[in-house]
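Visitor: Pasting a structure here, questions to come.
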Amino acid sequence: MAAFRSPSPGFSVPRPAAFGADPSGERMARIRRSPHFRDGVFQNPGGTARTRPSGSAAEFAKIYFNKEARLRRSPQGPVPVHATTLADLARPPATGLRLTWMGHSSVLAEIDGQRVLFDPVWGERCSPFPFAGPKRLHPVPLPLAALGPVDVVVISHDHYDHLDMPTIKALAGTDTVFAVPLGVGGHLEHWGVSPDRLRELDWHESTRVGGLTLTATPARHFCGRGLRNTQHTLWASWVVAGAEHRVYHSGDTGYFDGFRDIGAAHGPFDATMIQLGAYAEFWPDIHMTPEEGVRAHLDLQGGGPHGALLPIHWGTFNLAPHAWAEPGEWTKDAAEEAGQPVAFPRPGEPFEPAGELPGEEWWRAVSQPIAHPWRRLETARSAAGKSRSELGLAGEG
């Protein structure tokens, strides 16, 4: 373990290896040259985003630690993980594109003959410590070693629920290439990844891996792993384009106008993987609600329904005050209103976006009932419209 300076001369405190390494040398020089780095930190598109919880800490604690609310934030029984992931992945995708959601933001994309693994987190906790921090709510669908060769691992940013040290150290012993945002390579080198297997990109930069083009695109979020958040590593969404197919992975992001620009430059997409869990009114700038996630997908597709939407960043870790199954229920409602096809696979269930999408509400068997605000609103509007029509008042103000 490395050590960091403490206020007392001659005394040092062990720095956990999971903190990674801060950028230095040529890596830091490149960061300072980035057009997105200003006033000593990386900047979000469209200006400053609130990265710390807003509002009253007492109000947040009241909601977060409420006994009834805490029960809703976890499944009421074992999450139904797909049972035959390994056998299913042994068969090549018939259409040339297959996605397998492993839980949270971890997705295996098999695209035009190559395999891309997004934000792989196989650890038991998303934390720098093995004994504390948010614990998995379901097991990984299959061991990492059973996954087989991966051509490229893509990392969206360096938060613990997206960049997992044990997983990276296991992958460091393979031949895979790592595509990461600017500055994140320092963590990976610290954990044993060879520099010649790193592709470290700023926003709008691309790299080729085999027959794939990978492009880092903007996102509205923040970074940091240690005790101090220096904002010296970038966060990104990613576009991966093959000879026949293209996909988009949002990483973590708040909703912003840049989705339309990304879609215009790189879309439309056969599938998008969109973060729409771990949202809260306390941090509206850096995570999306289900409604915003559906809107982001439509923006990426040029404004209308197209391709398949895979909801990510929900179901695996308890990271926000909302109910565990709320992202699934609310995404289903919002997507149906928009006429947008959505895939709801169980963790580990492969599907092909060009084929039949998994659509069963599998979470309901282990979830408390979830309110449907969209449906309630539509019901109220329909009832109001019917009443006015029956009274001969339709169209009056």
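Each chain of the structure tokens is named A, B, ... in the order shown, its residues numbered from 1; ligands are numbered from 1 in display order.
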Within 9 Å of segment 286-294 of chain A, which residues of segment 169-268 of chain A show up? Give each one with its shortest atom-to-atom distance in Å (one decimal) and the two atoms involved, counting only C-alpha atoms, rows by chain then rising residue number, as a tab-separated table.
Guide:
```
residue	atom	partner	partner_atom	distance
A:Ala219	CA	A:Ile286	CA	8.8
A:Arg220	CA	A:Ile286	CA	5.8
A:His221	CA	A:Ile286	CA	4.8
A:Phe222	CA	A:Ile286	CA	7.6
A:Asp252	CA	A:His287	CA	6.3
A:Thr253	CA	A:Ile286	CA	5.0
A:Gly254	CA	A:Ile286	CA	4.0
A:Tyr255	CA	A:Met288	CA	5.9
```
Visitor: Could those selected residues go to a file with N, CA, C and O atoms, as a PDB file, in the first residue's frame?
Guide:
```
ATOM      1  N   ALA A 219     -20.893  13.315 -20.479  1.00  0.00           N
ATOM      2  CA  ALA A 219     -21.889  12.924 -19.481  1.00  0.00           C
ATOM      3  C   ALA A 219     -21.894  14.012 -18.414  1.00  0.00           C
ATOM      4  O   ALA A 219     -20.959  14.818 -18.324  1.00  0.00           O
ATOM      5  N   ARG A 220     -22.923  14.033 -17.608  1.00  0.00           N
ATOM      6  CA  ARG A 220     -23.069  15.073 -16.571  1.00  0.00           C
ATOM      7  C   ARG A 220     -22.989  14.381 -15.203  1.00  0.00           C
ATOM      8  O   ARG A 220     -23.983  13.901 -14.657  1.00  0.00           O
ATOM      9  N   HIS A 221     -21.770  14.333 -14.659  1.00  0.00           N
ATOM     10  CA  HIS A 221     -21.567  13.587 -13.425  1.00  0.00           C
ATOM     11  C   HIS A 221     -20.364  14.152 -12.669  1.00  0.00           C
ATOM     12  O   HIS A 221     -20.087  15.352 -12.735  1.00  0.00           O
ATOM     13  N   PHE A 222     -19.614  13.288 -11.982  1.00  0.00           N
ATOM     14  CA  PHE A 222     -18.402  13.699 -11.280  1.00  0.00           C
ATOM     15  C   PHE A 222     -17.581  12.453 -10.991  1.00  0.00           C
ATOM     16  O   PHE A 222     -17.920  11.360 -11.450  1.00  0.00           O
ATOM     17  N   ASP A 252     -22.881   7.044 -15.709  1.00  0.00           N
ATOM     18  CA  ASP A 252     -23.750   7.810 -14.803  1.00  0.00           C
ATOM     19  C   ASP A 252     -23.868   9.228 -15.338  1.00  0.00           C
ATOM     20  O   ASP A 252     -22.867   9.842 -15.716  1.00  0.00           O
ATOM     21  N   THR A 253     -25.075   9.769 -15.333  1.00  0.00           N
ATOM     22  CA  THR A 253     -25.266  11.115 -15.865  1.00  0.00           C
ATOM     23  C   THR A 253     -26.608  11.671 -15.453  1.00  0.00           C
ATOM     24  O   THR A 253     -27.573  10.934 -15.278  1.00  0.00           O
ATOM     25  N   GLY A 254     -26.650  12.976 -15.295  1.00  0.00           N
ATOM     26  CA  GLY A 254     -27.922  13.657 -15.237  1.00  0.00           C
ATOM     27  C   GLY A 254     -28.401  13.935 -16.647  1.00  0.00           C
ATOM     28  O   GLY A 254     -27.644  13.808 -17.619  1.00  0.00           O
ATOM     29  N   TYR A 255     -29.665  14.322 -16.768  1.00  0.00           N
ATOM     30  CA  TYR A 255     -30.184  14.645 -18.088  1.00  0.00           C
ATOM     31  C   TYR A 255     -29.610  15.986 -18.550  1.00  0.00           C
ATOM     32  O   TYR A 255     -29.520  16.933 -17.777  1.00  0.00           O
TER      33      TYR A 255
END
```
Visitor: Near Leu99 of chain A, within 6 Å and counting only C-alpha atoms, which residues show up once chain neighbours fewer than 2 positions away are dropped, as a VMD selection string?
Guide: chain A and resid 108 to 109 350 to 351
Visitor: For all heavy atoms, I'd like the residues from the last selection saved as a PDB file, in the first residue's frame.
Guide:
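Below you can see result_28.pdb, which holds the result:
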```pdb
ATOM      1  N   LEU A 108     -22.404  -7.068 -20.838  1.00  0.00           N
ATOM      2  CA  LEU A 108     -21.583  -7.672 -21.882  1.00  0.00           C
ATOM      3  C   LEU A 108     -22.289  -7.442 -23.211  1.00  0.00           C
ATOM      4  O   LEU A 108     -23.440  -7.858 -23.389  1.00  0.00           O
ATOM      5  CB  LEU A 108     -21.405  -9.172 -21.651  1.00  0.00           C
ATOM      6  CG  LEU A 108     -20.659  -9.920 -22.769  1.00  0.00           C
ATOM      7  CD1 LEU A 108     -19.197  -9.494 -22.829  1.00  0.00           C
ATOM      8  CD2 LEU A 108     -20.767 -11.429 -22.587  1.00  0.00           C
ATOM      9  N   ALA A 109     -21.609  -6.762 -24.124  1.00  0.00           N
ATOM     10  CA  ALA A 109     -22.146  -6.534 -25.470  1.00  0.00           C
ATOM     11  C   ALA A 109     -21.334  -7.357 -26.460  1.00  0.00           C
ATOM     12  O   ALA A 109     -20.123  -7.176 -26.582  1.00  0.00           O
ATOM     13  CB  ALA A 109     -22.081  -5.057 -25.832  1.00  0.00           C
ATOM     14  N   PRO A 350     -29.333 -13.077 -21.546  1.00  0.00           N
ATOM     15  CA  PRO A 350     -28.954 -12.457 -22.817  1.00  0.00           C
ATOM     16  C   PRO A 350     -30.178 -12.210 -23.704  1.00  0.00           C
ATOM     17  O   PRO A 350     -31.147 -12.968 -23.662  1.00  0.00           O
ATOM     18  CB  PRO A 350     -28.024 -13.503 -23.465  1.00  0.00           C
ATOM     19  CG  PRO A 350     -27.666 -14.464 -22.362  1.00  0.00           C
ATOM     20  CD  PRO A 350     -28.844 -14.457 -21.442  1.00  0.00           C
ATOM     21  N   PHE A 351     -30.115 -11.161 -24.501  1.00  0.00           N
ATOM     22  CA  PHE A 351     -31.164 -10.907 -25.479  1.00  0.00           C
ATOM     23  C   PHE A 351     -30.559 -10.175 -26.675  1.00  0.00           C
ATOM     24  O   PHE A 351     -29.512  -9.533 -26.583  1.00  0.00           O
ATOM     25  CB  PHE A 351     -32.305 -10.080 -24.872  1.00  0.00           C
ATOM     26  CG  PHE A 351     -31.947  -8.628 -24.622  1.00  0.00           C
ATOM     27  CD1 PHE A 351     -32.234  -7.648 -25.558  1.00  0.00           C
ATOM     28  CD2 PHE A 351     -31.315  -8.261 -23.439  1.00  0.00           C
ATOM     29  CE1 PHE A 351     -31.891  -6.312 -25.332  1.00  0.00           C
ATOM     30  CE2 PHE A 351     -30.979  -6.936 -23.204  1.00  0.00           C
ATOM     31  CZ  PHE A 351     -31.261  -5.958 -24.149  1.00  0.00           C
TER      32      PHE A 351
END
```
Visitor: Pick out the closest residue to Pro347 of chain A from this set: A:Ala179, A:Ala265, A:Leu310, A:Ala323. Count only C-alpha atoms.
Guide: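 Under the stated criterion, the closest residue is A:Leu310.
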Visitor: Among segment 132-253 of chain A, which residues carry a DSSP assignment of strand (DSSP E or B), reported as a PyMOL selection string?
Guide: chain A and resi 135+152-154+177-181+198-201+206-209+212-217+237-241+246-249
Visitor: Write out as a PyMOL selection string which residues come within 7 Å of segment 157-174 of chain A when counting only C-alpha atoms, dropping same-chain ones fewer than 3 positions away.
Guide: chain A and resi 18+105+119-123+126-127+181+184+191-193+223-225+234-236
Visitor: Only N, CA and C atoms, please: the residues just picked out, written as a PDB file, in the first residue's frame.
Guide:
```pdb
ATOM      1  N   ALA A  18      -7.606   0.230  -2.952  1.00  0.00           N
ATOM      2  CA  ALA A  18      -8.799   0.484  -3.755  1.00  0.00           C
ATOM      3  C   ALA A  18      -8.985   1.960  -4.076  1.00  0.00           C
ATOM      4  N   SER A 105     -24.635  -1.541 -13.664  1.00  0.00           N
ATOM      5  CA  SER A 105     -24.250  -0.986 -14.968  1.00  0.00           C
ATOM      6  C   SER A 105     -23.360  -1.923 -15.766  1.00  0.00           C
ATOM      7  N   ASP A 119     -18.295  -1.432 -17.592  1.00  0.00           N
ATOM      8  CA  ASP A 119     -18.342  -1.214 -16.138  1.00  0.00           C
ATOM      9  C   ASP A 119     -18.479  -2.510 -15.338  1.00  0.00           C
ATOM     10  N   PRO A 120     -17.538  -3.436 -15.502  1.00  0.00           N
ATOM     11  CA  PRO A 120     -17.682  -4.733 -14.814  1.00  0.00           C
ATOM     12  C   PRO A 120     -17.452  -4.617 -13.309  1.00  0.00           C
ATOM     13  N   VAL A 121     -18.448  -4.998 -12.536  1.00  0.00           N
ATOM     14  CA  VAL A 121     -18.342  -5.015 -11.068  1.00  0.00           C
ATOM     15  C   VAL A 121     -18.783  -6.394 -10.597  1.00  0.00           C
ATOM     16  N   TRP A 122     -17.799  -7.229 -10.266  1.00  0.00           N
ATOM     17  CA  TRP A 122     -18.070  -8.573  -9.758  1.00  0.00           C
ATOM     18  C   TRP A 122     -17.873  -8.637  -8.240  1.00  0.00           C
ATOM     19  N   GLY A 123     -17.448  -7.537  -7.632  1.00  0.00           N
ATOM     20  CA  GLY A 123     -17.205  -7.531  -6.193  1.00  0.00           C
ATOM     21  C   GLY A 123     -18.483  -7.634  -5.394  1.00  0.00           C
ATOM     22  N   CYS A 126     -19.745  -2.359  -3.387  1.00  0.00           N
ATOM     23  CA  CYS A 126     -19.166  -1.218  -4.115  1.00  0.00           C
ATOM     24  C   CYS A 126     -18.621  -0.247  -3.067  1.00  0.00           C
ATOM     25  N   SER A 127     -17.383  -0.517  -2.678  1.00  0.00           N
ATOM     26  CA  SER A 127     -16.771   0.172  -1.544  1.00  0.00           C
ATOM     27  C   SER A 127     -15.272  -0.092  -1.581  1.00  0.00           C
ATOM     28  N   PRO A 181     -11.930   6.850 -19.463  1.00  0.00           N
ATOM     29  CA  PRO A 181     -11.843   8.301 -19.590  1.00  0.00           C
ATOM     30  C   PRO A 181     -10.487   8.818 -19.094  1.00  0.00           C
ATOM     31  N   VAL A 184      -8.344   8.089 -15.632  1.00  0.00           N
ATOM     32  CA  VAL A 184      -8.718   6.842 -14.954  1.00  0.00           C
ATOM     33  C   VAL A 184      -7.636   5.777 -15.129  1.00  0.00           C
ATOM     34  N   TRP A 191      -3.172  -0.994 -10.314  1.00  0.00           N
ATOM     35  CA  TRP A 191      -3.673  -2.333 -10.003  1.00  0.00           C
ATOM     36  C   TRP A 191      -3.125  -3.396 -10.948  1.00  0.00           C
ATOM     37  N   GLY A 192      -2.146  -3.043 -11.751  1.00  0.00           N
ATOM     38  CA  GLY A 192      -1.455  -4.070 -12.521  1.00  0.00           C
ATOM     39  C   GLY A 192      -1.756  -4.133 -14.002  1.00  0.00           C
ATOM     40  N   VAL A 193      -2.550  -3.196 -14.528  1.00  0.00           N
ATOM     41  CA  VAL A 193      -2.829  -3.186 -15.964  1.00  0.00           C
ATOM     42  C   VAL A 193      -1.650  -2.544 -16.695  1.00  0.00           C
ATOM     43  N   CYS A 223     -16.477  12.590 -10.275  1.00  0.00           N
ATOM     44  CA  CYS A 223     -15.560  11.468 -10.085  1.00  0.00           C
ATOM     45  C   CYS A 223     -15.047  11.452  -8.649  1.00  0.00           C
ATOM     46  N   GLY A 224     -14.177  10.490  -8.339  1.00  0.00           N
ATOM     47  CA  GLY A 224     -13.499  10.477  -7.050  1.00  0.00           C
ATOM     48  C   GLY A 224     -13.598   9.157  -6.317  1.00  0.00           C
ATOM     49  N   ARG A 225     -12.479   8.737  -5.732  1.00  0.00           N
ATOM     50  CA  ARG A 225     -12.435   7.485  -4.974  1.00  0.00           C
ATOM     51  C   ARG A 225     -11.869   7.655  -3.572  1.00  0.00           C
ATOM     52  N   LEU A 234     -11.793  12.048 -15.495  1.00  0.00           N
ATOM     53  CA  LEU A 234     -12.975  12.392 -16.268  1.00  0.00           C
ATOM     54  C   LEU A 234     -14.033  11.293 -16.162  1.00  0.00           C
ATOM     55  N   TRP A 235     -15.261  11.646 -16.431  1.00  0.00           N
ATOM     56  CA  TRP A 235     -16.382  10.716 -16.521  1.00  0.00           C
ATOM     57  C   TRP A 235     -16.901  10.784 -17.959  1.00  0.00           C
ATOM     58  N   ALA A 236     -17.496   9.713 -18.438  1.00  0.00           N
ATOM     59  CA  ALA A 236     -17.888   9.690 -19.845  1.00  0.00           C
ATOM     60  C   ALA A 236     -19.035   8.721 -20.085  1.00  0.00           C
TER      61      ALA A 236
END
```
Visitor: Can you tell me, as a ChimeraX atom specification, what residues are no more than 10 Å from segment 259-261 of chain A when counting only C-alpha atoms, ignoring any on the same chain fewer than 5 positions away?
Guide: /A:217-219,250,266-267,295-303
Visitor: From the options A:Ile312, A:Ile31, A:Ala216, A:Ala343, which residue's atoms come nearest to Gly359 of chain A, counting only C-alpha atoms?
Guide: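 Of all the options, A:Ala343 lies closest to Gly359 of chain A.
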Visitor: From the set A:Gly242, A:Pro341, A:Gly148, A:Pro141, which residue has the shortest atom-to-atom contact distance to Ala354 of chain A, counting only C-alpha atoms?
Guide: A:Pro341
